[in-house]
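Everything below belongs to coords_4.cif, which stores mmCIF, C-alpha atoms and all ligand atoms.
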data_run
loop_
_atom_site.label_atom_id
_atom_site.label_comp_id
_atom_site.auth_asym_id
_atom_site.auth_seq_id
_atom_site.Cartn_x
_atom_site.Cartn_y
_atom_site.Cartn_z
CA MET A 1 20.38 3.23 -8.08
CA ILE A 2 17.86 4.50 -10.65
CA ASP A 3 20.68 4.61 -13.21
CA GLN A 4 21.62 1.02 -12.43
CA ILE A 5 18.04 -0.17 -12.86
CA ILE A 6 17.68 1.64 -16.17
CA THR A 7 21.03 0.41 -17.47
CA PHE A 8 20.11 -3.11 -16.42
CA LEU A 9 16.72 -2.96 -18.19
CA ARG A 10 18.16 -1.37 -21.32
CA GLU A 11 20.96 -3.90 -21.70
CA LYS A 12 18.77 -6.41 -23.50
CA PRO A 13 15.07 -7.13 -23.87
CA ARG A 14 13.78 -9.33 -21.11
CA LYS A 15 10.55 -10.78 -19.81
CA ILE A 16 9.56 -8.69 -16.84
CA VAL A 17 7.07 -9.45 -14.09
CA LEU A 18 5.88 -6.72 -11.73
CA THR A 19 4.53 -7.76 -8.32
CA SER A 20 3.14 -5.94 -5.32
CA HIS A 21 1.98 -6.71 -1.81
CA TRP A 22 -0.97 -8.62 -0.31
CA ASN A 23 -4.17 -6.52 -0.19
CA PRO A 24 -2.80 -4.12 -2.78
CA ASP A 25 -3.57 -0.46 -1.98
CA GLY A 26 -3.62 2.52 -4.34
CA ASP A 27 0.16 2.81 -4.35
CA ALA A 28 0.65 -0.91 -5.01
CA ILE A 29 -1.84 -0.94 -7.89
CA GLY A 30 -0.75 2.46 -9.21
CA SER A 31 2.99 1.74 -9.19
CA ALA A 32 2.60 -1.69 -10.83
CA LEU A 33 0.10 -0.64 -13.51
CA GLY A 34 1.84 2.71 -14.05
CA LEU A 35 5.22 1.07 -14.59
CA ALA A 36 3.63 -1.66 -16.75
CA HIS A 37 2.02 0.93 -19.04
CA TYR A 38 5.30 2.78 -19.34
CA LEU A 39 7.39 -0.33 -20.04
CA HIS A 40 4.84 -1.51 -22.63
CA SER A 41 5.19 1.85 -24.39
CA GLN A 42 8.92 1.11 -24.50
CA ASN A 43 8.21 -2.31 -26.06
CA PHE A 44 9.10 -4.44 -23.06
CA ALA A 45 7.24 -7.70 -22.38
CA VAL A 46 5.61 -7.09 -19.00
CA ASP A 47 3.11 -8.94 -16.84
CA VAL A 48 1.71 -7.80 -13.49
CA ILE A 49 0.85 -10.15 -10.65
CA PHE A 50 -1.02 -9.11 -7.51
CA PRO A 51 -1.36 -11.65 -4.67
CA ASN A 52 -5.11 -11.00 -4.26
CA PRO A 53 -7.65 -8.54 -5.66
CA PRO A 54 -7.69 -4.93 -4.45
CA SER A 55 -10.80 -3.10 -3.23
CA LEU A 56 -13.61 -2.66 -5.77
CA PRO A 57 -12.82 1.04 -6.48
CA LEU A 58 -9.18 0.15 -7.23
CA GLN A 59 -10.37 -2.55 -9.64
CA GLY A 60 -11.47 0.42 -11.75
CA SER A 61 -7.83 1.52 -12.18
CA VAL A 62 -6.82 2.07 -15.80
CA GLY A 63 -5.62 -1.25 -17.19
CA TYR A 64 -6.58 -3.40 -14.20
CA LEU A 65 -8.75 -5.66 -16.38
CA SER A 66 -6.09 -6.08 -19.08
CA ASP A 67 -4.72 -9.45 -20.17
CA PHE A 68 -1.34 -8.67 -18.65
CA VAL A 69 -2.75 -8.38 -15.09
CA HIS A 70 -3.04 -11.60 -13.08
CA ILE A 71 -4.27 -12.35 -9.58
CA PHE A 72 -2.36 -15.09 -7.79
CA SER A 73 -5.21 -16.04 -5.44
CA LEU A 74 -7.61 -16.49 -8.39
CA ASP A 75 -5.30 -18.45 -10.71
CA SER A 76 -2.09 -19.46 -9.00
CA SER A 77 -0.91 -21.92 -11.66
CA LYS A 78 -1.04 -19.24 -14.37
CA ALA A 79 0.73 -16.76 -12.10
CA LYS A 80 3.41 -19.30 -11.17
CA GLU A 81 3.99 -20.09 -14.84
CA ILE A 82 4.45 -16.40 -15.69
CA ILE A 83 6.90 -15.86 -12.84
CA LYS A 84 8.82 -18.99 -13.82
CA ARG A 85 9.27 -17.74 -17.38
CA ALA A 86 10.30 -14.21 -16.36
CA ASP A 87 13.91 -12.99 -16.32
CA VAL A 88 13.30 -10.01 -14.06
CA LEU A 89 10.98 -9.60 -11.09
CA PHE A 90 10.10 -6.24 -9.57
CA SER A 91 8.89 -5.94 -5.98
CA LEU A 92 6.92 -2.71 -5.91
CA ASP A 93 5.75 -1.06 -2.69
CA TYR A 94 7.03 -3.85 -0.43
CA ASN A 95 10.30 -4.53 1.29
CA VAL A 96 10.40 -8.29 1.96
CA ALA A 97 8.94 -11.38 0.25
CA SER A 98 6.62 -12.18 3.17
CA ARG A 99 4.52 -9.09 2.31
CA VAL A 100 2.94 -10.94 -0.65
CA GLY A 101 1.21 -13.42 1.66
CA ASP A 102 1.75 -17.09 2.45
CA GLN A 103 0.70 -18.49 -0.92
CA MET A 104 3.03 -16.40 -3.05
CA GLU A 105 5.98 -15.85 -0.69
CA SER A 106 8.00 -18.93 -1.65
CA ILE A 107 7.54 -18.12 -5.34
CA ILE A 108 9.10 -14.68 -4.83
CA SER A 109 11.86 -16.01 -2.54
CA GLY A 110 12.70 -18.82 -4.93
CA PHE A 111 12.70 -16.68 -8.08
CA SER A 112 15.91 -17.48 -9.95
CA GLY A 113 16.15 -14.41 -12.20
CA SER A 114 17.08 -10.84 -11.26
CA LYS A 115 15.11 -9.23 -8.45
CA ILE A 116 14.56 -5.50 -8.11
CA ILE A 117 12.92 -3.62 -5.23
CA ILE A 118 11.37 -0.19 -5.66
CA ASP A 119 9.86 0.74 -2.32
CA HIS A 120 9.61 3.36 0.42
CA HIS A 121 9.20 1.13 3.50
CA GLU A 122 11.95 0.67 6.08
CA SER A 123 14.34 -2.30 6.12
CA PRO A 124 14.31 -3.58 2.53
CA ASP A 125 15.65 -7.08 1.84
CA ILE A 126 19.12 -6.21 0.59
CA SER A 127 19.64 -9.68 -0.86
CA PHE A 128 17.70 -8.46 -3.91
CA ASP A 129 19.93 -7.66 -6.90
CA LEU A 130 18.93 -4.00 -7.13
CA VAL A 131 17.33 -2.11 -4.27
CA PHE A 132 15.89 1.37 -4.84
CA SER A 133 14.57 2.14 -1.38
CA MET A 134 13.89 5.60 0.08
CA THR A 135 11.75 6.12 3.17
CA SER A 136 11.65 9.86 2.44
CA LYS A 137 9.49 9.22 -0.64
CA SER A 138 5.74 9.77 -0.39
CA SER A 139 4.95 6.69 -2.41
CA THR A 140 6.34 4.02 -4.67
CA CYS A 141 4.51 5.82 -7.49
CA GLU A 142 6.73 8.85 -6.88
CA MET A 143 9.79 6.60 -7.22
CA VAL A 144 8.47 5.01 -10.41
CA TYR A 145 8.06 8.54 -11.77
CA ASP A 146 11.70 9.28 -10.85
CA LEU A 147 12.73 6.19 -12.81
CA ILE A 148 10.67 7.09 -15.87
CA GLU A 149 11.90 10.68 -15.81
CA GLN A 150 15.49 9.47 -15.70
CA ASP A 151 14.78 7.07 -18.56
CA GLY A 152 13.49 10.04 -20.55
CA GLY A 153 10.37 8.37 -21.95
CA ASN A 154 6.91 9.76 -22.50
CA ILE A 155 4.19 9.27 -19.88
CA ASP A 156 0.81 8.45 -21.40
CA LEU A 157 -2.59 8.94 -19.76
CA ALA A 158 -2.83 5.34 -18.52
CA CYS A 159 0.53 5.62 -16.79
CA ALA A 160 -0.15 9.11 -15.40
CA ASP A 161 -3.56 8.15 -14.01
CA ASN A 162 -2.09 5.19 -12.14
CA LEU A 163 0.90 7.05 -10.73
CA LEU A 164 -1.29 9.92 -9.55
CA THR A 165 -3.56 7.35 -7.87
CA GLY A 166 -0.66 6.18 -5.70
CA LEU A 167 0.42 9.73 -4.90
CA ILE A 168 -3.11 10.61 -3.80
CA THR A 169 -3.73 7.49 -1.73
CA ASP A 170 -0.36 7.28 0.05
CA THR A 171 -0.37 10.98 0.99
CA GLY A 172 -4.01 11.03 2.14
CA SER A 173 -4.78 13.40 -0.75
CA PHE A 174 -1.55 15.38 -0.16
CA ARG A 175 -2.13 16.07 3.52
CA PHE A 176 0.36 13.74 5.28
CA PRO A 177 3.73 15.24 6.32
CA ILE A 178 5.52 12.99 3.80
CA THR A 179 4.10 15.21 1.00
CA SER A 180 7.05 17.16 -0.41
CA GLY A 181 7.60 19.83 -3.02
CA ARG A 182 8.81 17.05 -5.27
CA THR A 183 5.56 15.12 -4.67
CA MET A 184 3.53 18.14 -5.77
CA HIS A 185 5.84 18.78 -8.73
CA ILE A 186 5.30 15.21 -9.91
CA ALA A 187 1.54 15.51 -9.36
CA GLY A 188 1.64 18.59 -11.62
CA LYS A 189 3.56 16.71 -14.29
CA LEU A 190 1.07 13.81 -14.15
CA ILE A 191 -1.84 16.23 -14.52
CA GLU A 192 -0.09 17.77 -17.54
CA ALA A 193 0.17 14.22 -18.92
CA GLY A 194 -3.61 13.93 -18.73
CA ALA A 195 -4.39 12.54 -15.27
CA ALA A 196 -7.36 14.27 -13.61
CA PRO A 197 -7.46 14.38 -9.79
CA HIS A 198 -11.26 14.68 -9.69
CA VAL A 199 -11.68 11.59 -11.87
CA ILE A 200 -9.38 9.59 -9.59
CA HIS A 201 -11.08 10.99 -6.49
CA ASP A 202 -14.53 10.02 -7.79
CA ARG A 203 -13.35 6.54 -8.70
CA LEU A 204 -11.71 5.89 -5.34
CA PHE A 205 -13.70 7.78 -2.76
CA ASP A 206 -17.20 8.33 -4.15
CA ASN A 207 -17.64 4.86 -5.51
CA ASN A 208 -18.22 2.75 -2.41
CA PRO A 209 -20.50 -0.17 -1.76
CA LYS A 210 -23.20 0.54 0.83
CA SER A 211 -21.48 -1.90 3.20
CA ARG A 212 -18.53 0.48 3.58
CA LEU A 213 -20.60 3.33 4.99
CA MET A 214 -22.61 0.98 7.21
CA ILE A 215 -19.39 -0.53 8.61
CA TRP A 216 -17.81 2.89 9.20
CA GLY A 217 -20.94 3.95 11.06
CA ARG A 218 -20.91 0.87 13.26
CA ALA A 219 -17.15 1.08 13.93
CA LEU A 220 -17.20 4.82 14.72
CA SER A 221 -20.05 4.34 17.17
CA ASN A 222 -17.53 2.25 19.18
CA LEU A 223 -15.12 5.21 19.45
CA ILE A 224 -13.10 5.41 22.67
CA ILE A 225 -10.93 8.41 23.56
CA THR A 226 -8.38 7.66 26.30
CA ASP A 227 -8.66 9.67 29.53
CA ASP A 228 -5.63 11.80 28.67
CA GLY A 229 -7.22 12.66 25.32
CA PHE A 230 -4.13 11.66 23.29
CA ALA A 231 -5.34 8.40 21.77
CA SER A 232 -8.44 7.20 19.98
CA ILE A 233 -9.60 3.63 19.57
CA VAL A 234 -12.07 2.41 16.96
CA PHE A 235 -12.97 -1.23 16.47
CA ILE A 236 -15.39 -3.48 14.64
CA LYS A 237 -16.46 -6.98 15.57
CA GLN A 238 -16.64 -10.01 13.35
CA ASN A 239 -20.43 -10.29 13.88
CA ASP A 240 -20.93 -6.74 12.62
CA LEU A 241 -18.73 -7.33 9.59
CA ARG A 242 -20.83 -10.36 8.72
CA GLU A 243 -24.17 -8.67 9.35
CA LEU A 244 -23.22 -5.61 7.27
CA GLU A 245 -21.84 -7.78 4.44
CA TYR A 246 -18.21 -6.70 4.62
CA GLN A 247 -16.30 -6.53 1.36
CA PRO A 248 -12.51 -6.28 1.05
CA GLY A 249 -11.44 -2.65 1.27
CA ASP A 250 -14.46 -1.52 3.30
CA THR A 251 -12.36 -0.58 6.34
CA GLU A 252 -9.51 1.04 4.41
CA GLY A 253 -8.91 4.58 5.68
CA LEU A 254 -11.15 4.15 8.70
CA VAL A 255 -8.20 4.52 11.07
CA ASN A 256 -7.67 8.11 9.88
CA GLN A 257 -11.01 9.15 11.37
CA GLY A 258 -9.69 8.70 14.89
CA LEU A 259 -7.06 11.37 14.29
CA GLY A 260 -9.82 13.84 13.50
CA VAL A 261 -10.68 14.32 17.18
CA ALA A 262 -9.07 17.46 18.65
CA GLY A 263 -6.01 16.63 20.73
CA VAL A 264 -5.64 13.07 19.48
CA LEU A 265 -2.08 12.24 18.36
CA ILE A 266 -2.36 8.49 17.81
CA SER A 267 -5.21 6.32 16.62
CA ILE A 268 -5.75 2.60 16.39
CA PHE A 269 -8.34 0.71 14.38
CA ILE A 270 -9.02 -2.91 15.31
CA ARG A 271 -10.78 -5.27 12.91
CA GLU A 272 -11.79 -8.60 14.40
CA ASP A 273 -11.27 -11.01 11.50
CA SER A 274 -11.75 -13.97 13.83
CA GLU A 275 -11.81 -14.53 17.59
CA SER A 276 -8.04 -14.72 17.79
CA ASN A 277 -7.03 -12.63 14.78
CA MET A 278 -7.21 -8.84 15.05
CA LYS A 279 -5.97 -6.73 12.17
CA LEU A 280 -4.57 -3.47 13.52
CA SER A 281 -3.95 -0.12 11.85
CA PHE A 282 -2.20 2.84 13.45
CA ARG A 283 -1.99 6.51 12.49
CA SER A 284 -0.18 9.31 14.26
CA LYS A 285 0.69 12.96 14.02
CA GLY A 286 4.09 14.66 13.95
CA ASN A 287 6.85 12.91 15.86
CA VAL A 288 4.69 10.14 17.28
CA ASP A 289 6.25 7.06 15.68
CA VAL A 290 3.79 4.23 15.06
CA ASN A 291 6.27 2.32 12.91
CA LYS A 292 8.63 1.59 15.80
CA TYR A 293 5.68 1.15 18.14
CA ALA A 294 3.97 -1.44 15.90
CA ARG A 295 7.21 -3.31 15.30
CA LYS A 296 7.88 -3.60 19.01
CA ASN A 297 4.37 -4.38 20.24
CA TRP A 298 2.23 -5.73 17.41
CA GLU A 299 4.39 -7.75 15.00
CA GLY A 300 3.94 -5.07 12.41
CA GLY A 301 5.41 -1.87 11.08
CA GLY A 302 5.14 0.48 8.14
CA HIS A 303 5.85 4.19 8.23
CA LYS A 304 6.39 6.71 11.01
CA ASN A 305 2.84 8.10 10.81
CA ALA A 306 1.04 5.08 9.34
CA SER A 307 1.58 1.46 10.23
CA GLY A 308 -0.16 -1.82 10.84
CA GLY A 309 0.08 -4.93 12.94
CA SER A 310 -1.85 -7.85 14.35
CA SER A 311 -3.01 -9.30 17.63
CA SER A 312 -4.08 -12.79 18.61
CA MET A 313 -5.75 -11.54 21.80
CA SER A 314 -9.43 -10.66 22.14
CA ILE A 315 -10.67 -7.16 21.25
CA THR A 316 -10.89 -6.22 24.94
CA GLU A 317 -7.39 -7.49 25.69
CA THR A 318 -6.03 -5.76 22.60
CA ILE A 319 -7.61 -2.46 23.68
CA ASP A 320 -6.17 -2.86 27.20
CA LYS A 321 -2.70 -3.55 25.84
CA PHE A 322 -2.94 -0.52 23.53
CA LYS A 323 -4.03 1.70 26.42
CA SER A 324 -1.07 0.60 28.52
CA THR A 325 1.53 0.83 25.75
CA PHE A 326 0.63 3.58 23.27
CA LYS A 327 2.74 6.24 25.00
CA GLU A 328 5.85 4.32 23.90
CA ALA A 329 5.14 5.77 20.45
CA PHE A 330 5.66 9.27 21.90
CA LEU A 331 9.25 8.53 22.91
CA ASN A 332 11.83 9.54 20.36
CA ASP A 333 15.45 8.64 20.53
MN MN B 401 3.22 2.84 -0.65
#

Target format structure tokens, applied to this file:
Amino acid sequence: MIDQIITFLREKPRKIVLTSHWNPDGDAIGSALGLAHYLHSQNFAVDVIFPNPPSLPLQGSVGYLSDFVHIFSLDSSKAKEIIKRADVLFSLDYNVASRVGDQMESIISGFSGSKIIIDHHESPDISFDLVFSMTSKSSTCEMVYDLIEQDGGNIDLACADNLLTGLITDTGSFRFPITSGRTMHIAGKLIEAGAAPHVIHDRLFDNNPKSRLMIWGRALSNLIITDDGFASIVFIKQNDLRELEYQPGDTEGLVNQGLGVAGVLISIFIREDSESNMKLSFRSKGNVDVNKYARKNWEGGGHKNASGGSSSMSITETIDKFKSTFKEAFLND
């Protein structure tokens, strides 16, 4: 599939637009900006469109403030115009058009040019023209590296920094089971190309607004461990988010804390965005499958050890439902 994408791109110069998912994370930003920097170095005309802004630390990614990066939620007419003029649209780090959010979904679905997916989530939309999808990959950034390597081009610092950002964020700094020898090999190559892990780490993890720490403190003080000791529950209420001046990205990664308790194999984080809208995140260890679990119970999904979902019940009802269902994630078939 990589060969087909490269052949397709090399056939003739085209206007390319790179897109990624709603609430873009490190892998979404890194894969889009990394690929954009590479394609620019190969003289392609490339724009990047994100549905909405990422967290503040990710806004410090190399090239994020460039002219070729556009945010749909901030200027939708400009973004629509760019997509309309493009010949090729890439969907990076997402599997179906609905992942870009309500505003942008129809624009992606209705795109009349060629559509290419590069992604590592399950169940990609196979109606796209070219689908490079591998759930065994740590990150979309790893897959973008595969593509660039196959193309044979040079990786500059801007590209390397972005790709390493996605590798670091999607593997939890290389500690999730999805981290492979190939992941580490690529990380090494990106470091040789000039990317510095400590610089990325400082930018992402030691560069938080005060609100983030305050919110983590409040949420963690709500920690519940189930009686059997296998599950942890952390939540934060809308009132607290307001009082502590929540900013987008403040709760990212919070769900991982629950897994830090000895014996816990599955964790849930519940963010009360409104009275009837709970954003849910799940993490698990080993064979505990929160992808299947979230798909079945919480209108969500993601990966085996990291997934998300939503609930329209109250926090209390959501917690009760989690307590009575989480063991389904332990069943493997
Ligand atoms: Mn990803």

- Give the answer as one residue: which of A:Val199, A:Ala306, A:Ala158, A:Ile107 has the shortest atom-to-atom distance to ligand MN 401 (chain B), using all atoms listed in the file?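 Of A:Val199, A:Ala306, A:Ala158, A:Ile107, the one nearest ligand MN 401 (chain B) is A:Ala306, counting all atoms listed in the file.
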
- List all protein, DNA and RNA residues that have any atom at most 12 Å from ligand MN 401 (chain B), counting only C-alpha atoms and all ligand atoms, and write the list as number ranges by chain. A: 20-21, 23-32, 91-95, 118-122, 133-144, 163, 165-172, 178, 302-303, 306-307

Please provide as a PDB file with C-alpha atoms, in the frame of the given file all residues within 12 Å of Pro51 of chain A, with the sequence filter that same-chain residues fewer than 6 positions apart are discarded (counting all atoms listed in the file).
ATOM      1  CA  LEU A  18       5.880  -6.720 -11.730  1.00  0.00           C
ATOM      2  CA  THR A  19       4.530  -7.760  -8.320  1.00  0.00           C
ATOM      3  CA  SER A  20       3.140  -5.940  -5.320  1.00  0.00           C
ATOM      4  CA  HIS A  21       1.980  -6.710  -1.810  1.00  0.00           C
ATOM      5  CA  TRP A  22      -0.970  -8.620  -0.310  1.00  0.00           C
ATOM      6  CA  ASN A  23      -4.170  -6.520  -0.190  1.00  0.00           C
ATOM      7  CA  PRO A  24      -2.800  -4.120  -2.780  1.00  0.00           C
ATOM      8  CA  ASP A  25      -3.570  -0.460  -1.980  1.00  0.00           C
ATOM      9  CA  ALA A  28       0.650  -0.910  -5.010  1.00  0.00           C
ATOM     10  CA  ILE A  29      -1.840  -0.940  -7.890  1.00  0.00           C
ATOM     11  CA  VAL A  69      -2.750  -8.380 -15.090  1.00  0.00           C
ATOM     12  CA  HIS A  70      -3.040 -11.600 -13.080  1.00  0.00           C
ATOM     13  CA  ILE A  71      -4.270 -12.350  -9.580  1.00  0.00           C
ATOM     14  CA  PHE A  72      -2.360 -15.090  -7.790  1.00  0.00           C
ATOM     15  CA  SER A  73      -5.210 -16.040  -5.440  1.00  0.00           C
ATOM     16  CA  LEU A  74      -7.610 -16.490  -8.390  1.00  0.00           C
ATOM     17  CA  ASP A  75      -5.300 -18.450 -10.710  1.00  0.00           C
ATOM     18  CA  SER A  76      -2.090 -19.460  -9.000  1.00  0.00           C
ATOM     19  CA  ALA A  79       0.730 -16.760 -12.100  1.00  0.00           C
ATOM     20  CA  LYS A  80       3.410 -19.300 -11.170  1.00  0.00           C
ATOM     21  CA  SER A  91       8.890  -5.940  -5.980  1.00  0.00           C
ATOM     22  CA  ALA A  97       8.940 -11.380   0.250  1.00  0.00           C
ATOM     23  CA  SER A  98       6.620 -12.180   3.170  1.00  0.00           C
ATOM     24  CA  ARG A  99       4.520  -9.090   2.310  1.00  0.00           C
ATOM     25  CA  VAL A 100       2.940 -10.940  -0.650  1.00  0.00           C
ATOM     26  CA  GLY A 101       1.210 -13.420   1.660  1.00  0.00           C
ATOM     27  CA  ASP A 102       1.750 -17.090   2.450  1.00  0.00           C
ATOM     28  CA  GLN A 103       0.700 -18.490  -0.920  1.00  0.00           C
ATOM     29  CA  MET A 104       3.030 -16.400  -3.050  1.00  0.00           C
ATOM     30  CA  GLU A 105       5.980 -15.850  -0.690  1.00  0.00           C
ATOM     31  CA  ILE A 107       7.540 -18.120  -5.340  1.00  0.00           C
ATOM     32  CA  ILE A 108       9.100 -14.680  -4.830  1.00  0.00           C
TER      33      ILE A 108
END

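Nearest residue to Gln247 of chain A among A:Gly217, A:Pro209, A:Gly263, A:Gly300 is A:Pro209, counting all atoms listed in the file.
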
- Item | Contacts of Asn239 of chain A within 10 Å, only C-alpha atoms, excl. fewer than 3 positions in-chain, as number ranges by chain | A: 236, 242-245, 272-274

Please dump the current selection as a PDB file, in the coordinates of the input; keep C-alpha atoms.
ATOM      1  CA  ILE A 236     -15.390  -3.480  14.640  1.00  0.00           C
ATOM      2  CA  ARG A 242     -20.830 -10.360   8.720  1.00  0.00           C
ATOM      3  CA  GLU A 243     -24.170  -8.670   9.350  1.00  0.00           C
ATOM      4  CA  LEU A 244     -23.220  -5.610   7.270  1.00  0.00           C
ATOM      5  CA  GLU A 245     -21.840  -7.780   4.440  1.00  0.00           C
ATOM      6  CA  GLU A 272     -11.790  -8.600  14.400  1.00  0.00           C
ATOM      7  CA  ASP A 273     -11.270 -11.010  11.500  1.00  0.00           C
ATOM      8  CA  SER A 274     -11.750 -13.970  13.830  1.00  0.00           C
TER       9      SER A 274
END

- Counting only C-alpha atoms, the option among A:Asn305, A:Ser310, A:Gln42, A:Ser232 closest to Arg10 of chain A: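 The answer is A:Gln42, which sits nearest to Arg10 of chain A.
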
- Please provide as an MDAnalysis selection string all residues within 12 Å of Gln257 of chain A, with the sequence filter that same-chain residues fewer than 2 positions apart are discarded (counting all atoms listed in the file). chainID A and resid 172 216:217 219:221 223 231:235 251:255 259:262 264:269 281:284

- Task: To one decimal in Å, tell me the separation between atom CA of Gly153 of chain A and atom CA of Val62 of chain A.
- Result: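 Taking atom CA of Gly153 of chain A as the start and atom CA of Val62 of chain A as the end point, the length is 19.3 Å.
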
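Excluding Ser112 of chain A and any residue on its chain fewer than 4 positions from it, the residues at most 10 Å away by only C-alpha atoms are Ile83, Lys84, Arg85, Ala86, Asp87, Val88, Leu89, Ile107 and Ile108 of chain A.
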
- Using only C-alpha atoms, find the one residue out of A:Asn207, A:Asn291, A:Ser77, A:Thr226 that sits nearest to Phe322 of chain A.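 With only C-alpha atoms as the atom set, the closest residue is A:Thr226.
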
Show which residues sit within 12 Å of Glu328 of chain A, as a short mmCIF file (atom, residue, chain, number, x, y, z; two decimals) with C-alpha atoms, in the frame of the given file. Count all atoms listed in the file, and ignore same-chain residues fewer than 2 positions away.
data_model
loop_
_atom_site.label_atom_id
_atom_site.label_comp_id
_atom_site.auth_asym_id
_atom_site.auth_seq_id
_atom_site.Cartn_x
_atom_site.Cartn_y
_atom_site.Cartn_z
CA ILE A 266 -2.36 8.49 17.81
CA ASN A 287 6.85 12.91 15.86
CA VAL A 288 4.69 10.14 17.28
CA ASP A 289 6.25 7.06 15.68
CA VAL A 290 3.79 4.23 15.06
CA ASN A 291 6.27 2.32 12.91
CA LYS A 292 8.63 1.59 15.80
CA TYR A 293 5.68 1.15 18.14
CA ALA A 294 3.97 -1.44 15.90
CA ARG A 295 7.21 -3.31 15.30
CA LYS A 296 7.88 -3.60 19.01
CA ASN A 297 4.37 -4.38 20.24
CA LYS A 321 -2.70 -3.55 25.84
CA PHE A 322 -2.94 -0.52 23.53
CA LYS A 323 -4.03 1.70 26.42
CA SER A 324 -1.07 0.60 28.52
CA THR A 325 1.53 0.83 25.75
CA PHE A 326 0.63 3.58 23.27
CA PHE A 330 5.66 9.27 21.90
CA LEU A 331 9.25 8.53 22.91
CA ASN A 332 11.83 9.54 20.36
CA ASP A 333 15.45 8.64 20.53
#

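Taking atom CA of Asp3 of chain A as the reference point, atom CA of Gln150 of chain A is found at 7.5 Å.
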
For segment 210-227 of chain A, where the input has fewer atoms than it should, I would like N, CA and C atoms rebuilt and written as an mmCIF file, in the coordinates of the input.
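Everything below was put into result03.cif:
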data_model
loop_
_atom_site.group_PDB
_atom_site.id
_atom_site.type_symbol
_atom_site.label_atom_id
_atom_site.label_comp_id
_atom_site.auth_asym_id
_atom_site.auth_seq_id
_atom_site.Cartn_x
_atom_site.Cartn_y
_atom_site.Cartn_z
ATOM 1 N N LYS A 210 -22.466 0.094 -0.359
ATOM 2 C CA LYS A 210 -23.200 0.540 0.830
ATOM 3 C C LYS A 210 -22.555 -0.015 2.110
ATOM 4 N N SER A 211 -22.045 -1.246 2.009
ATOM 5 C CA SER A 211 -21.480 -1.900 3.200
ATOM 6 C C SER A 211 -20.393 -1.048 3.845
ATOM 7 N N ARG A 212 -19.631 -0.319 3.033
ATOM 8 C CA ARG A 212 -18.530 0.480 3.580
ATOM 9 C C ARG A 212 -19.052 1.558 4.544
ATOM 10 N N LEU A 213 -20.072 2.271 4.115
ATOM 11 C CA LEU A 213 -20.600 3.330 4.990
ATOM 12 C C LEU A 213 -21.248 2.746 6.237
ATOM 13 N N MET A 214 -21.957 1.616 6.064
ATOM 14 C CA MET A 214 -22.610 0.980 7.210
ATOM 15 C C MET A 214 -21.557 0.530 8.238
ATOM 16 N N ILE A 215 -20.457 -0.035 7.722
ATOM 17 C CA ILE A 215 -19.390 -0.530 8.610
ATOM 18 C C ILE A 215 -18.686 0.636 9.306
ATOM 19 N N TRP A 216 -18.439 1.713 8.575
ATOM 20 C CA TRP A 216 -17.810 2.890 9.200
ATOM 21 C C TRP A 216 -18.703 3.430 10.319
ATOM 22 N N GLY A 217 -20.008 3.462 10.043
ATOM 23 C CA GLY A 217 -20.940 3.950 11.060
ATOM 24 C C GLY A 217 -20.892 3.095 12.316
ATOM 25 N N ARG A 218 -20.925 1.784 12.118
ATOM 26 C CA ARG A 218 -20.910 0.870 13.260
ATOM 27 C C ARG A 218 -19.588 0.987 14.026
ATOM 28 N N ALA A 219 -18.477 1.014 13.284
ATOM 29 C CA ALA A 219 -17.150 1.080 13.930
ATOM 30 C C ALA A 219 -16.994 2.401 14.689
ATOM 31 N N LEU A 220 -17.398 3.508 14.083
ATOM 32 C CA LEU A 220 -17.200 4.820 14.720
ATOM 33 C C LEU A 220 -18.080 4.986 15.955
ATOM 34 N N SER A 221 -19.201 4.257 15.981
ATOM 35 C CA SER A 221 -20.050 4.340 17.170
ATOM 36 C C SER A 221 -19.384 3.641 18.363
ATOM 37 N N ASN A 222 -18.297 2.887 18.101
ATOM 38 C CA ASN A 222 -17.530 2.250 19.180
ATOM 39 C C ASN A 222 -16.371 3.124 19.665
ATOM 40 N N LEU A 223 -16.288 4.354 19.165
ATOM 41 C CA LEU A 223 -15.120 5.210 19.450
ATOM 42 C C LEU A 223 -14.847 5.361 20.953
ATOM 43 N N ILE A 224 -13.568 5.171 21.287
ATOM 44 C CA ILE A 224 -13.100 5.410 22.670
ATOM 45 C C ILE A 224 -11.980 6.456 22.581
ATOM 46 N N ILE A 225 -12.050 7.481 23.426
ATOM 47 C CA ILE A 225 -10.930 8.410 23.560
ATOM 48 C C ILE A 225 -10.316 8.146 24.937
ATOM 49 N N THR A 226 -9.010 7.957 25.003
ATOM 50 C CA THR A 226 -8.380 7.660 26.300
ATOM 51 C C THR A 226 -8.517 8.871 27.231
ATOM 52 N N ASP A 227 -8.413 8.621 28.541
ATOM 53 C CA ASP A 227 -8.660 9.670 29.530
ATOM 54 C C ASP A 227 -7.773 10.896 29.329
#
